[in-house]
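Asker: As input, take data_31.cif (mmCIF, C-alpha atoms):
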data_my_file
#
loop_
_atom_site.group_PDB
_atom_site.id
_atom_site.type_symbol
_atom_site.label_atom_id
_atom_site.label_comp_id
_atom_site.auth_asym_id
_atom_site.auth_seq_id
_atom_site.Cartn_x
_atom_site.Cartn_y
_atom_site.Cartn_z
ATOM 1 C CA MET S 26 31.543 -6.766 -2.751
ATOM 2 C CA SER S 27 33.647 -3.612 -3.046
ATOM 3 C CA ASP S 28 32.918 -0.373 -1.187
ATOM 4 C CA THR S 29 31.473 1.159 -4.365
ATOM 5 C CA GLU S 30 29.073 -1.717 -5.071
ATOM 6 C CA GLN S 31 25.664 -1.760 -3.503
ATOM 7 C CA ALA S 32 23.672 -4.802 -2.511
ATOM 8 C CA PRO S 33 20.535 -5.216 -4.602
ATOM 9 C CA SER S 34 17.434 -3.743 -3.010
ATOM 10 C CA PRO S 35 14.001 -5.370 -3.253
ATOM 11 C CA ASP S 36 13.158 -2.703 -5.841
ATOM 12 C CA THR S 37 16.008 -3.755 -8.103
ATOM 13 C CA ALA S 38 16.253 -7.457 -7.315
ATOM 14 C CA TRP S 39 15.641 -9.586 -10.362
ATOM 15 C CA PRO S 40 13.829 -12.939 -10.266
ATOM 16 C CA VAL S 41 16.067 -15.782 -11.311
ATOM 17 C CA LYS S 42 13.490 -18.535 -10.846
ATOM 18 C CA LEU S 43 9.710 -18.756 -11.079
ATOM 19 C CA SER S 44 8.325 -22.223 -10.548
ATOM 20 C CA PHE S 45 4.616 -23.020 -10.378
ATOM 21 C CA ASP S 46 4.055 -26.103 -8.216
ATOM 22 C CA ARG S 47 0.554 -27.303 -9.026
ATOM 23 C CA GLY S 48 0.703 -30.074 -6.423
ATOM 24 C CA GLU S 49 1.387 -27.611 -3.611
ATOM 25 C CA ALA S 50 -0.679 -24.841 -5.289
ATOM 26 C CA GLU S 51 2.084 -22.284 -4.899
ATOM 27 C CA LEU S 52 4.616 -20.214 -6.785
ATOM 28 C CA LEU S 53 8.248 -20.527 -5.765
ATOM 29 C CA ILE S 54 10.142 -17.361 -6.574
ATOM 30 C CA THR S 55 13.852 -16.741 -6.098
ATOM 31 C CA PHE S 56 15.580 -13.394 -6.606
ATOM 32 C CA ASP S 57 19.173 -12.642 -7.512
ATOM 33 C CA ASP S 58 19.811 -11.143 -4.059
ATOM 34 C CA GLY S 59 19.145 -14.556 -2.480
ATOM 35 C CA PHE S 60 15.590 -13.877 -1.291
ATOM 36 C CA SER S 61 13.301 -16.836 -1.924
ATOM 37 C CA SER S 62 9.683 -17.452 -0.998
ATOM 38 C CA THR S 63 6.530 -19.298 -1.937
ATOM 39 C CA ILE S 64 3.170 -17.626 -2.590
ATOM 40 C CA SER S 65 -0.058 -19.598 -2.634
ATOM 41 C CA PHE S 66 -2.088 -19.583 -5.835
ATOM 42 C CA GLU S 67 -5.056 -18.358 -3.810
ATOM 43 C CA LEU S 68 -3.155 -15.281 -2.611
ATOM 44 C CA LEU S 69 -1.782 -14.615 -6.099
ATOM 45 C CA ARG S 70 -5.342 -14.695 -7.428
ATOM 46 C CA VAL S 71 -7.048 -12.578 -4.768
ATOM 47 C CA GLU S 72 -4.209 -10.024 -4.796
ATOM 48 C CA SER S 73 -4.092 -9.821 -8.593
ATOM 49 C CA PRO S 74 -2.963 -6.352 -9.671
ATOM 50 C CA SER S 75 -6.023 -5.992 -11.890
ATOM 51 C CA ALA S 76 -8.990 -3.643 -11.931
ATOM 52 C CA GLU S 77 -11.220 -6.556 -10.896
ATOM 53 C CA THR S 78 -9.502 -6.842 -7.516
ATOM 54 C CA LYS S 79 -8.085 -3.330 -7.045
ATOM 55 C CA GLY S 80 -11.097 -1.398 -8.331
ATOM 56 C CA HIS S 81 -11.625 1.660 -10.464
ATOM 57 C CA GLY S 82 -11.387 5.305 -9.409
ATOM 58 C CA GLY S 83 -10.620 4.668 -5.752
ATOM 59 C CA GLN S 84 -13.534 2.299 -5.117
ATOM 60 C CA ARG S 85 -12.269 -1.043 -3.792
ATOM 61 C CA PRO S 86 -14.562 -3.889 -4.871
ATOM 62 C CA PRO S 87 -15.555 -6.777 -2.613
ATOM 63 C CA PRO S 88 -12.831 -9.414 -2.342
ATOM 64 C CA PRO S 89 -12.937 -12.304 -4.802
ATOM 65 C CA ALA S 90 -14.703 -15.219 -3.130
ATOM 66 C CA GLY S 91 -14.386 -18.955 -3.725
ATOM 67 C CA LYS S 92 -10.703 -18.909 -4.660
ATOM 68 C CA ARG S 93 -9.279 -21.379 -2.107
ATOM 69 C CA ASP S 94 -8.818 -24.082 -4.766
ATOM 70 C CA VAL S 95 -7.918 -21.901 -7.745
ATOM 71 C CA SER S 96 -5.046 -23.236 -9.822
ATOM 72 C CA VAL S 97 -2.629 -21.767 -12.320
ATOM 73 C CA GLN S 98 -3.066 -22.875 -15.913
ATOM 74 C CA GLY S 99 -0.075 -21.020 -17.299
ATOM 75 C CA ALA S 100 2.025 -17.888 -17.280
ATOM 76 C CA GLU S 101 3.282 -15.518 -19.969
ATOM 77 C CA PRO S 102 6.230 -13.146 -19.703
ATOM 78 C CA ILE S 103 5.393 -9.487 -20.271
ATOM 79 C CA GLY S 104 8.544 -7.864 -21.578
ATOM 80 C CA ARG S 105 11.311 -8.066 -19.017
ATOM 81 C CA TYR S 106 9.346 -6.598 -16.133
ATOM 82 C CA ALA S 107 6.332 -8.800 -15.373
ATOM 83 C CA VAL S 108 4.393 -12.007 -15.826
ATOM 84 C CA ARG S 109 0.720 -12.543 -16.656
ATOM 85 C CA ILE S 110 -0.709 -15.485 -14.722
ATOM 86 C CA LEU S 111 -3.574 -17.492 -16.209
ATOM 87 C CA PHE S 112 -5.862 -18.904 -13.514
ATOM 88 C CA SER S 113 -8.304 -21.812 -13.658
ATOM 89 C CA ASP S 114 -11.256 -19.472 -13.040
ATOM 90 C CA GLY S 115 -10.486 -17.624 -16.284
ATOM 91 C CA HIS S 116 -8.821 -14.603 -14.662
ATOM 92 C CA ASP S 117 -5.825 -13.436 -16.681
ATOM 93 C CA THR S 118 -5.730 -9.641 -16.593
ATOM 94 C CA GLY S 119 -3.256 -9.008 -13.759
ATOM 95 C CA LEU S 120 0.302 -8.115 -14.704
ATOM 96 C CA TYR S 121 2.576 -9.144 -11.844
ATOM 97 C CA SER S 122 5.707 -6.990 -11.921
ATOM 98 C CA TRP S 123 8.841 -8.317 -10.229
ATOM 99 C CA THR S 124 8.526 -5.558 -7.605
ATOM 100 C CA TYR S 125 4.895 -6.503 -6.938
ATOM 101 C CA LEU S 126 5.739 -10.203 -6.580
ATOM 102 C CA ARG S 127 8.558 -9.346 -4.174
ATOM 103 C CA ASP S 128 6.210 -7.185 -2.106
ATOM 104 C CA LEU S 129 3.547 -9.883 -2.134
ATOM 105 C CA ALA S 130 6.057 -12.512 -0.998
ATOM 106 C CA GLU S 131 7.424 -10.338 1.797
ATOM 107 C CA ASN S 132 3.979 -9.285 3.069
ATOM 108 C CA GLN S 133 1.867 -12.334 2.360
ATOM 109 C CA ASP S 134 0.844 -13.028 5.957
ATOM 110 C CA ALA S 135 -0.554 -9.524 6.408
ATOM 111 C CA ARG S 136 -2.188 -9.567 2.981
ATOM 112 C CA MET S 137 -3.857 -12.915 3.630
ATOM 113 C CA ALA S 138 -5.104 -11.701 7.031
ATOM 114 C CA ASP S 139 -6.525 -8.569 5.385
ATOM 115 C CA TYR S 140 -8.170 -10.678 2.680
ATOM 116 C CA LEU S 141 -9.780 -12.971 5.261
ATOM 117 C CA GLU S 142 -11.064 -9.970 7.220
ATOM 118 C CA ARG S 143 -12.536 -8.428 4.065
ATOM 119 C CA LEU S 144 -14.214 -11.748 3.169
ATOM 120 C CA LYS S 145 -15.749 -11.986 6.628
ATOM 121 C CA ALA S 146 -16.972 -8.375 6.546
ATOM 122 C CA ALA S 147 -18.584 -9.010 3.148
ATOM 123 C CA GLU S 148 -20.035 -12.327 4.388
ATOM 124 C CA LEU S 149 -18.218 -14.208 1.634
ATOM 125 C CA SER S 150 -16.366 -17.524 1.671
ATOM 126 C CA ARG S 151 -13.007 -18.768 0.400
ATOM 127 C CA ASP S 152 -14.780 -21.920 -0.846
#
Please go through the file and, once you have read it, give me the structure as structure tokens.
Answerer:
Amino acid sequence: MSDTEQAPSPDTAWPVKLSFDRGEAELLITFDDGFSSTISFELLRVESPSAETKGHGGQRPPPPAGKRDVSVQGAEPIGRYAVRILFSDGHDTGLYSWTYLRDLAENQDARMADYLERLKAAELSRD
């Protein structure tokens, strides 16, 4: 890399591979800067960037319950910036941008811990 070139940042890194492993119930994602990670289908579903999970007008809804065994039925590219994931429970409204998937992959432990805390507070179950 020359002095004038910059290494890709997570904001500009481009996914070069998306692979849905139904047996392991996870998405393998690899970016062009070498970062690679897996994200469970459950976390993808409960962290969907949709109004159902993020809420409307600042009100955060209760966390989606019963998603431990959710599977992915398919995925559709949205332009060159995102993917729509089709889940076995019928959810298909979240548009996962490359930046969002990168953030989710990098912060999945904290996001899963937050999800589990929210489930407990709402007296809901993953099953």
Asker: Spell out the residues picked by the PyMOL selection byres ((chain S and resi 137) around 12) here, as a PyMOL selection string.
Answerer: chain S and resi 64-72+88+93+129-136+138-144+151
Asker: List the residues sitting within 7 Å of (-3.1, -22.3, -7.0) in the file's frame, using only C-alpha atoms, as a VMD selection string.
Answerer: chain S and resid 47 50 to 51 65 to 67 94 to 97
Asker: What separation in Å, quoted to one decimal, exists between atom CA of S:Ala146 and atom CA of S:Pro87?
Answerer: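 Atom CA of S:Pro87 lies 9.4 Å from atom CA of S:Ala146.
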Asker: Atom CA of S:Gly99 to atom CA of S:Phe60: how many Å, to one decimal?
Answerer: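 It comes out at 23.5 Å.
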Asker: So what does the PyMOL selection byres ((chain S and resi 107) around 10) actually pick up in this one, as a list in words?
Answerer: Pro40, Glu101, Pro102, Ile103, Gly104, Arg105, Tyr106, Val108, Arg109, Ile110, Gly119, Leu120, Tyr121, Ser122, Trp123, Thr124, Tyr125 and Leu126 of chain S
Asker: Given all atoms listed in the file as the basis, pick out the residue of S:Gly59, S:Trp39, S:Glu49, S:Pro89 nearest to S:Ser73.
Answerer: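 Ranked by minimum distance to S:Ser73, first place goes to S:Pro89.
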Asker: Using only C-alpha atoms, can you tell me which of S:His116, S:Arg127, S:Lys79, S:Arg85 comes closest to S:Leu52?
Answerer: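 Among the listed residues, the smallest separation from S:Leu52 belongs to S:Arg127.
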Asker: Rounded to one decimal place, report the atom CA of S:Asp152-atom CA of S:Ala90 distance in Å.
Answerer: 7.1 Å
Asker: My list of candidates is S:Thr118, S:Ser150, S:Thr63, S:Ser44. Which is closest to S:Ala76 when distances are computed with all atoms listed in the file?
Answerer: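 Closest candidate: S:Thr118.
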Asker: Given the choices S:Asp117, S:Asp46, S:Asp128, S:Glu148, which gets closest to S:Ser75 if the distance is worked out from only C-alpha atoms?
Answerer: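 Ranking S:Asp117, S:Asp46, S:Asp128, S:Glu148 by distance to S:Ser75, first place goes to S:Asp117.
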